[in-house]
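Heads up, target_32.cif below (mmCIF, C-alpha atoms):
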```cif
data_upload
#
loop_
_atom_site.label_atom_id
_atom_site.label_comp_id
_atom_site.auth_asym_id
_atom_site.auth_seq_id
_atom_site.Cartn_x
_atom_site.Cartn_y
_atom_site.Cartn_z
CA MET P 1 74.45 52.57 194.93
CA SER P 2 75.72 55.84 193.41
CA TYR P 3 78.85 55.42 195.53
CA LEU P 4 79.49 52.05 193.94
CA ILE P 5 78.89 53.42 190.44
CA ASN P 6 81.29 56.32 191.05
CA LYS P 7 83.89 53.98 192.49
CA TYR P 8 83.49 51.68 189.48
CA LYS P 9 83.84 54.64 187.08
CA SER P 10 87.00 55.83 188.82
CA TYR P 11 88.51 52.37 188.67
CA CYS P 12 87.63 52.11 184.97
CA LEU P 13 89.30 55.45 184.26
CA ILE P 14 92.47 54.35 185.99
CA PHE P 15 92.45 51.07 184.09
CA ILE P 16 91.93 52.91 180.78
CA LYS P 17 94.81 55.31 181.54
CA PHE P 18 97.12 52.41 182.36
CA THR P 19 96.14 50.59 179.17
CA LEU P 20 96.70 53.73 177.12
CA ILE P 21 100.17 54.22 178.57
CA ILE P 22 101.08 50.65 177.70
CA ASN P 23 99.66 50.80 174.18
CA LEU P 24 100.97 54.25 173.31
CA SER P 25 104.45 53.40 174.47
CA SER P 26 104.38 49.95 172.99
CA CYS P 27 106.03 48.94 169.78
CA GLY P 28 104.16 45.73 169.59
CA ASP P 29 100.84 44.14 170.32
CA SER P 30 98.99 44.97 173.47
CA PRO P 31 99.84 42.47 176.20
CA PHE P 32 96.16 42.13 176.91
CA LEU P 33 95.48 41.02 173.35
CA SER P 34 98.57 38.87 173.04
CA ASP P 35 98.39 35.84 170.80
CA GLU P 36 101.42 34.34 172.47
CA THR P 37 101.03 30.82 173.70
CA PRO P 38 102.09 30.13 177.29
CA GLU P 39 105.29 28.46 176.04
CA GLU P 40 106.31 31.66 174.27
CA ILE P 41 105.92 33.82 177.34
CA GLN P 42 109.06 33.58 179.40
CA ASN P 43 108.88 32.77 183.08
CA ARG P 44 105.16 32.20 183.14
CA ASP P 45 105.77 29.55 185.79
CA THR P 46 107.14 32.13 188.23
CA LEU P 47 103.70 33.74 188.49
CA ASN P 48 102.70 30.73 190.53
CA SER P 49 105.42 31.28 193.11
CA ASP P 50 104.68 31.92 196.76
CA ASN P 51 104.97 35.65 196.22
CA PHE P 52 101.71 35.79 194.38
CA GLU P 53 98.44 35.49 196.22
CA GLU P 54 96.49 36.35 193.15
CA GLU P 55 98.05 35.99 189.74
CA GLY P 56 100.15 38.99 188.84
CA SER P 57 100.44 40.61 192.30
CA LEU P 58 103.09 40.81 194.95
CA TRP P 59 102.42 42.27 198.41
CA LEU P 60 104.30 44.78 200.50
CA ARG P 61 102.26 43.83 203.54
CA GLU P 62 103.44 46.30 206.15
CA ASN P 63 102.54 49.21 203.93
CA ARG P 64 99.56 47.45 202.41
CA TYR P 65 100.68 47.89 198.84
CA GLN P 66 100.29 45.55 195.93
CA VAL P 67 102.95 45.41 193.23
CA ARG P 68 101.89 44.31 189.76
CA PRO P 69 104.77 43.84 187.34
CA LEU P 70 104.55 43.57 183.58
CA TRP P 71 107.49 43.03 181.24
CA ARG P 72 107.72 45.72 178.59
CA LEU P 73 110.91 44.29 177.05
CA GLY P 74 112.39 40.90 177.79
CA PRO P 75 113.39 39.51 180.13
CA PHE P 76 116.61 38.83 178.28
CA VAL P 77 120.04 37.56 179.20
CA ALA P 78 122.71 40.24 178.64
CA ASP P 79 120.48 42.62 176.67
CA GLU P 80 118.46 45.32 178.36
CA SER P 81 115.07 44.39 179.81
CA LYS P 82 112.38 46.85 180.84
CA LEU P 83 109.62 46.42 183.36
CA LEU P 84 106.47 48.38 183.98
CA PHE P 85 104.90 47.93 187.40
CA LEU P 86 101.97 49.33 189.32
CA ILE P 87 101.86 49.98 193.03
CA LEU P 88 98.28 49.72 194.24
CA ASP P 89 96.64 50.35 197.57
CA GLU P 90 94.42 47.82 199.29
CA SER P 91 91.47 48.88 197.20
CA GLY P 92 93.37 48.32 193.99
CA TYR P 93 93.99 51.99 193.15
CA PRO P 94 97.41 53.09 191.91
CA ILE P 95 99.15 55.07 194.60
CA SER P 96 102.42 56.95 194.92
CA PRO P 97 104.10 55.43 197.97
CA GLU P 98 105.39 57.78 200.63
CA TYR P 99 108.76 56.04 200.29
CA LYS P 100 111.26 55.92 197.46
CA VAL P 101 110.74 52.95 195.18
CA PHE P 102 113.88 51.04 194.34
CA LEU P 103 114.54 47.91 192.32
CA LYS P 104 117.49 45.61 192.36
CA ILE P 105 118.16 42.18 190.94
CA TRP P 106 120.20 39.55 192.71
CA MET P 107 121.42 36.11 191.77
CA PRO P 108 121.41 34.20 195.07
CA THR P 109 123.28 31.13 193.80
CA MET P 110 126.13 33.26 192.49
CA GLY P 111 126.04 35.92 195.16
CA HIS P 112 125.99 38.96 192.91
CA GLY P 113 123.72 41.60 191.51
CA SER P 114 123.90 43.60 188.34
CA PHE P 115 124.00 47.09 186.93
CA PRO P 116 121.90 49.62 188.88
CA ILE P 117 118.34 49.80 187.62
CA LYS P 118 116.74 53.14 186.76
CA VAL P 119 113.22 53.54 188.14
CA THR P 120 110.95 56.40 187.07
CA GLU P 121 107.41 57.12 188.18
CA VAL P 122 105.59 57.81 184.91
CA GLY P 123 102.16 58.30 186.45
CA GLU P 124 100.69 58.02 189.92
CA GLY P 125 101.61 54.56 191.09
CA ILE P 126 102.91 53.60 187.64
CA PHE P 127 106.63 52.91 187.43
CA GLU P 128 109.01 52.13 184.63
CA ALA P 129 112.21 50.23 185.38
CA ARG P 130 114.88 50.21 182.69
CA GLU P 131 118.51 49.18 182.29
CA ILE P 132 117.70 45.80 183.80
CA PHE P 133 120.52 43.47 182.82
CA PHE P 134 120.35 39.78 183.68
CA ILE P 135 123.96 39.10 182.88
CA MET P 136 123.73 35.33 182.90
CA PRO P 137 121.07 32.64 182.72
CA GLY P 138 119.79 31.07 185.93
CA TYR P 139 117.61 32.02 188.85
CA TRP P 140 117.29 35.72 189.75
CA ASP P 141 115.35 37.57 192.45
CA ILE P 142 113.90 40.95 191.59
CA HIS P 143 113.64 42.98 194.78
CA PHE P 144 110.92 45.64 194.88
CA GLN P 145 112.03 47.89 197.72
CA LEU P 146 110.73 50.88 199.64
CA LEU P 147 113.47 53.14 200.98
CA ASP P 148 113.27 56.02 203.41
CA ARG P 149 114.99 59.38 203.01
CA GLU P 150 118.24 57.95 204.33
CA ASN P 151 118.00 55.18 201.74
CA GLN P 152 117.39 52.66 204.48
CA LEU P 153 115.24 49.70 203.58
CA VAL P 154 111.68 49.97 204.88
CA GLU P 155 110.21 46.93 203.21
CA GLU P 156 110.75 44.74 200.19
CA VAL P 157 109.18 41.89 198.30
CA LYS P 158 110.97 39.54 195.94
CA TRP P 159 109.85 38.21 192.60
CA GLY P 160 111.84 35.19 191.46
CA LEU P 161 112.41 34.18 187.86
CA THR P 162 114.55 31.74 185.97
CA LEU P 163 116.17 32.65 182.67
CA MET S 1 179.02 56.83 169.34
CA LYS S 2 177.86 55.46 166.02
CA ARG S 3 177.26 52.11 167.60
CA MET S 4 175.36 53.74 170.42
CA SER S 5 173.09 55.57 167.92
CA ILE S 6 172.45 52.38 165.99
CA MET S 7 171.67 50.58 169.24
CA ILE S 8 169.24 53.30 170.34
CA LEU S 9 167.50 53.31 166.95
CA PHE S 10 167.26 49.53 167.06
CA LEU S 11 165.78 49.54 170.57
CA LEU S 12 163.29 52.25 169.63
CA SER S 13 162.13 50.28 166.61
CA LEU S 14 161.81 47.21 168.80
CA SER S 15 159.65 49.11 171.24
CA SER S 16 157.34 50.26 168.45
CA PHE S 17 157.02 46.67 167.31
CA ALA S 18 156.38 45.68 170.90
CA HIS S 19 153.56 48.19 171.41
CA CYS S 20 150.59 45.93 170.94
CA PRO S 21 148.33 46.30 173.99
CA ILE S 22 145.82 43.76 172.72
CA ASP S 23 147.58 41.21 170.55
CA LEU S 24 145.22 39.41 168.23
CA GLY S 25 147.46 36.52 167.35
CA LYS S 26 147.39 35.11 163.84
CA THR S 27 145.23 37.95 162.56
CA ASN S 28 148.40 40.09 162.76
CA LEU S 29 146.35 42.85 164.29
CA CYS S 30 146.82 44.87 167.42
CA ALA S 31 144.15 46.78 169.27
CA ASP S 32 143.97 49.31 172.03
CA ILE S 33 141.29 51.01 174.07
CA THR S 34 140.98 54.71 174.74
CA TRP S 35 138.51 55.94 177.31
CA VAL S 36 136.31 58.82 176.25
CA ASP S 37 134.30 58.91 179.49
CA GLY S 38 135.08 56.59 182.34
CA PRO S 39 135.50 53.83 183.11
CA TYR S 40 132.93 53.97 185.87
CA ALA S 41 131.34 51.40 188.08
CA ASN S 42 127.54 51.55 188.12
CA GLU S 43 127.33 54.25 185.45
CA THR S 44 127.55 54.07 181.69
CA SER S 45 131.06 54.40 180.26
CA HIS S 46 132.26 55.31 176.78
CA PHE S 47 135.37 53.99 175.09
CA GLN S 48 136.83 53.48 171.63
CA MET S 49 138.78 50.56 170.26
CA LEU S 50 141.40 50.99 167.56
CA PHE S 51 142.96 48.36 165.30
CA TRP S 52 146.23 48.44 163.38
CA LYS S 53 148.57 45.95 161.79
CA ARG S 54 151.11 44.48 164.14
CA GLY S 55 154.49 46.02 163.48
CA ASP S 56 153.16 49.23 162.02
CA ALA S 57 154.95 51.86 164.08
CA GLU S 58 152.59 54.57 162.88
CA HIS S 59 149.53 52.62 164.04
CA ARG S 60 147.60 53.31 160.87
CA LEU S 61 144.10 52.13 161.52
CA VAL S 62 142.77 49.13 159.65
CA SER S 63 139.35 47.62 159.63
CA PRO S 64 139.48 43.99 160.83
CA ASP S 65 138.30 41.68 158.09
CA TYR S 66 136.56 39.45 160.59
CA HIS S 67 133.29 39.20 162.38
CA LEU S 68 133.84 41.31 165.46
CA ASP S 69 132.35 41.03 168.91
CA ILE S 70 133.31 43.40 171.74
CA TYR S 71 132.01 42.54 175.18
CA SER S 72 132.76 42.79 178.86
CA TRP S 73 133.82 39.89 181.01
CA MET S 74 134.19 39.67 184.74
CA ILE S 75 136.93 37.56 186.23
CA MET S 76 135.68 36.68 189.68
CA GLU S 77 137.91 35.59 192.51
CA ASN S 78 135.70 32.58 193.16
CA GLY S 79 136.20 31.41 189.60
CA MET S 80 132.60 32.01 188.50
CA ASN S 81 133.41 34.30 185.62
CA HIS S 82 130.66 35.81 183.54
CA GLY S 83 129.79 38.42 180.97
CA GLY S 84 128.28 41.84 181.52
CA PRO S 85 125.49 43.92 180.03
CA ALA S 86 125.52 43.84 176.26
CA MET S 87 127.24 46.76 174.53
CA ASN S 88 127.08 48.04 170.96
CA ALA S 89 130.15 48.81 168.87
CA TYR S 90 129.94 51.04 165.82
CA GLU S 91 132.77 51.48 163.33
CA ILE S 92 132.85 55.26 163.03
CA GLU S 93 136.04 55.35 160.96
CA GLU S 94 138.10 52.62 159.38
CA GLY S 95 139.55 50.63 162.24
CA LEU S 96 137.97 52.80 164.94
CA PHE S 97 135.05 51.44 166.92
CA ASP S 98 132.93 53.51 169.27
CA ILE S 99 131.19 51.96 172.27
CA GLN S 100 128.99 54.33 174.25
CA ASN S 101 127.01 51.94 176.43
CA ALA S 102 129.64 50.02 178.35
CA ARG S 103 128.39 49.11 181.81
CA PHE S 104 130.47 47.78 184.67
CA PHE S 105 129.30 47.15 188.19
CA THR S 106 130.73 45.87 191.42
CA HIS S 107 127.73 44.96 193.59
CA GLY S 108 128.66 42.11 195.87
CA MET S 109 131.49 40.83 193.70
CA ASN S 110 135.23 40.44 194.15
CA GLY S 111 137.04 40.44 190.88
CA HIS S 112 137.86 42.65 187.95
CA TRP S 113 136.41 43.48 184.57
CA GLU S 114 137.98 42.98 181.17
CA ILE S 115 136.98 44.19 177.78
CA ARG S 116 137.29 41.37 175.30
CA VAL S 117 137.35 41.46 171.54
CA LYS S 118 136.56 38.33 169.61
CA LEU S 119 137.43 38.03 165.94
CA SER S 120 135.99 35.13 164.00
CA ASP S 121 136.16 34.13 160.36
CA ASP S 122 133.99 32.00 158.11
CA GLN S 123 136.00 28.91 158.97
CA GLY S 124 135.02 29.23 162.60
CA GLU S 125 138.47 30.32 163.70
CA VAL S 126 138.18 32.52 166.78
CA ILE S 127 140.79 34.82 168.24
CA VAL S 128 140.15 36.61 171.50
CA GLY S 129 142.08 39.49 172.98
CA SER S 130 141.41 41.33 176.18
CA GLN S 131 142.36 44.28 178.30
CA ARG S 132 141.64 44.90 181.93
CA VAL S 133 139.26 47.74 182.75
CA PRO S 134 141.08 50.16 185.04
CA LEU S 135 138.45 50.51 187.75
CA SER S 136 140.00 51.54 191.05
CA SER S 137 139.16 50.12 194.46
CA ASP S 138 136.55 52.85 194.89
CA GLY S 139 134.83 51.51 191.82
CA ASN S 140 135.79 54.27 189.44
CA GLY S 141 138.41 54.44 186.79
CA HIS S 142 141.58 56.12 185.80
CA GLY S 143 141.02 55.89 182.10
CA GLY S 144 140.84 59.59 181.47
CA GLY S 145 138.00 61.64 180.09
CA HIS S 146 135.51 63.56 182.13
CA GLN S 147 134.87 61.99 185.51
CA HIS S 148 131.81 62.68 187.61
#
```

Produce structure tokens that represent the structure in this file.
Amino acid sequence: MSYLINKYKSYCLIFIKFTLIINLSSCGDSPFLSDETPEEIQNRDTLNSDNFEEEGSLWLRENRYQVRPLWRLGPFVADESKLLFLILDESGYPISPEYKVFLKIWMPTMGHGSFPIKVTEVGEGIFEAREIFFIMPGYWDIHFQLLDRENQLVEEVKWGLTL
Amino acid sequence: MKRMSIMILFLLSLSSFAHCPIDLGKTNLCADITWVDGPYANETSHFQMLFWKRGDAEHRLVSPDYHLDIYSWMIMENGMNHGGPAMNAYEIEEGLFDIQNARFFTHGMNGHWEIRVKLSDDQGEVIVGSQRVPLSSDGNGHGGGHQH
């Protein structure tokens, strides 16, 4: 029983830290207290894509990581978008992967990507991706990738969205 | 000899009239781009755009009396042309615009980048001029400035 309480407390602390990071770095309302209607939230429909087994998560199955993305800014066409995402272990705890985390966006219908995205780990398992530029409207895949030391792809998962 | 001198002077004056790298049509303006840092592929570049009256041999800078939009445009070999990441232009002196967040990339694309300037007035008249971005085949530029 005490094990469960301690585990619950640890999880709460992690959740509080994550919420604080979002709110302290936010210029607007907390996403968890958003008054936006579903129509005002862009790409809500993509959360129901095959990539998500539970709403808001993607899976890097080989390495048993969950990826939970959250738009900090955007997504916009042409202007910079920013994304915050968590990488969680199977138990739901944020974890720093043993591989390098890399993000790229790709437009499969047009056969091109975009400007290289800057990814920074701002806390254990908490990543900020900036300089995301969707240069035209349409369908894009966001590739969450794990790379080894030789920058070879270990595993990736895609998150599709339409702008 | 006198005729030769007159001819040379005439040709020189013609060349100064002719120097209009970005001709902005009926606005009677010319523009040019100078690279402060870059151009680079996949890294931020910095350039400035200058405006002067067409025919002014001294290139005295003038502020365009139009709504101005400076943006990048990719001409793709497959014909699917498109714009690039948004950039911000600030007029730091009369007729001199500074753009520090120009971004060009080459991932998976065959084509070339242009910088375009669009001038529009209240009547909806739009004039567009452009200049190719000198990115080399290795993806980096020859525009001068510090190169990484």

Straight-line distance linking atom CA of Phe85 of chain P with atom CA of Glu98 of chain P, stated in Å to one decimal: 16.5 Å

12 Å contact set for Gly124 of chain S, all atoms listed in the file, chain neighbours under 4 positions out, as an MDAnalysis selection string: chainID S and resid 66:67 118:120

What would the file look like if the residues just selected were written as a short mmCIF file (atom, residue, chain, number, x, y, z; two decimals), keeping the file's coordinate frame with C-alpha atoms?
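Contents of result.cif, as written:
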```
data_model
loop_
_atom_site.label_atom_id
_atom_site.label_comp_id
_atom_site.auth_asym_id
_atom_site.auth_seq_id
_atom_site.Cartn_x
_atom_site.Cartn_y
_atom_site.Cartn_z
CA TYR S 66 136.56 39.45 160.59
CA HIS S 67 133.29 39.20 162.38
CA LYS S 118 136.56 38.33 169.61
CA LEU S 119 137.43 38.03 165.94
CA SER S 120 135.99 35.13 164.00
#
```

Best match for closeness to chain S among P:Glu131, P:Asp79, P:Asp148, P:Glu90, counting all atoms listed in the file: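 So, comparing all the options, the nearest one is P:Asp79.
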
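Between atom CA of Phe47 of chain S and atom CA of Phe97 of chain S the separation is 8.6 Å.
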
Nearest to chain P by atom-to-atom distance, counting all atoms listed in the file, from S:Leu96, S:Ile75, S:Arg103, S:Trp35: S:Arg103

Output of the PyMOL selection byres ((chain S) within 7 of (chain P)), listed as a count of residues only: 11

Residue members of the PyMOL selection byres ((chain P and resi 160) around 6) in the file shown, as an MDAnalysis selection string: chainID P and resid 140:141 159 161

Distance of atom CA of Asn78 of chain S from atom CA of Arg132 of chain S, expressed in Å to one decimal place: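 So the answer is 17.7 Å.
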